[in-house]
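Asker: To start, I am sharing the structure in question, which I have written as structure tokens.
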Amino acid sequence: MPLKLIPLPYPDDALAPAISADTLRTHHGKHHKAYVTKTNAAAEKLGLAGATLEEIIAAAQRKGDKAAYDNAAQAWNHGFYWHSLSPRGGKPKGALADAIASNFGSLQALTDELQARGEKHFASGWVWLTASAGKLSVEETHDGDTLALGGKKPLLTVDLWEHAYYLDHKNERPKYLKAVLGKLLNWEFAAKNLAAAGTWKYPG
Ligand code: MN3
């Protein structure tokens, strides 16, 4: 079975006005879809038809196939990003809230760090909240690079590519980050990822 473009976990107008339906339709229906289509073509060429997305990313990395790696990693990153957002917003609870308090001091301090790191990140990439051996940290990856393969376990991510915000906020990445970080982070998803033994898997 080839990889699928997973559906958005909410209606395409659910994140407006921070992220409009127009942005989500293009971002999910064109950008994410293209990454999935190109990953399926690359998997076929690598003899990996039917493999999981994580297996394809690992194989492309091992073989030094940069184009296959970038497309597969971007297919994964976008699946993870859709789940990192939620129209319900809310606040972290339980073990996640405790871990945020002990690692960052407060939710506001974590939000400020995500905002600052996301604003300063040069060109395209991703900003992540991660966990490793009980310690939470904010990390960045460049271009299509991913945290899908382990090391620090991703809890949440925010897309910093211009296509994530340009239609709604033009060049003003800080405005996009402020709108998303304040209201749309899916803390239930982050809590599940923190509690899970392994890293989130792209649905097959
Ligand atoms: Mn994107």
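Convention: chains lettered A, B, ... in structure tokens order; per-chain residue numbering from 1; ligands numbered from 1 as shown.
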Neighbouring residues of Leu149 of chain A were defined as those with any atom within 9 Å, considering only C-alpha atoms; residues of the same chain fewer than 4 positions away were excluded. Please report them as JSON, numbers by chain.
Answerer: {"A": [54, 57, 58, 153, 199]}
Asker: With C-alpha atoms kept, could you save the residues just selected as a tab-separated table (two decimals), in the first residue's frame?
Answerer:
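Dumped to again07.tsv:
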```
chain	number	residue	atom	x	y	z
A	54	GLU	CA	9.75	5.92	9.04
A	57	ILE	CA	13.16	8.09	5.83
A	58	ALA	CA	15.77	5.82	7.47
A	153	LYS	CA	11.47	12.73	20.90
A	199	THR	CA	8.15	8.44	18.68
```
Asker: If the limit is 10 Å from any atom of ligand 1, counting only C-alpha atoms and all ligand atoms, which residues qualify? Return them as a list in words.
Answerer: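 What falls inside 10 Å of ligand 1 is Leu24, Thr26, His27, His28, Lys30, His31, His32, Tyr35, Gln74, Ala75, Asn77, His78, Gly79, Tyr81, Trp82, Ser124, Gly125, Trp126, Asp143, Gly144, Val158, Asp159, Leu160, Trp161, Glu162, His163, Ala164 and Tyr165 of chain A.
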Asker: Let me make sure I understand: among A:Lys192, A:Trp76, A:Ala179, A:Leu110, which one has the smallest atom-to-atom distance to Leu147 of chain A if we use only C-alpha atoms?
Answerer: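 Smallest separation from Leu147 of chain A among the options: A:Trp76.
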Asker: From a DSSP calculation on the backbone, collect every residue of segment 64-131 of chain A in strand (DSSP E) and output the set as a list in words.
Answerer: Gly125, Trp126, Val127, Trp128, Leu129, Thr130 and Ala131 of chain A
Asker: Would you mind reading off the distance between atom CA of Ser86 of chain A and atom CA of Leu136 of chain A, one decimal, in Å?
Answerer: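 Rounded to one decimal, the two atoms are 21.1 Å apart.
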Asker: Using atom CA of Leu184 of chain A and atom CA of Gly89 of chain A as the two end points, give the distance in Å to one decimal.
Answerer: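 Between these atoms lies a distance of 4.6 Å.
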Asker: Go through A:Asp65, A:Glu44, A:Glu55, A:Asp22 and flag the residue nearest Tyr202 of chain A, using only C-alpha atoms for the distances.
Answerer: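 Closest to Tyr202 of chain A, using only C-alpha atoms: A:Glu55.
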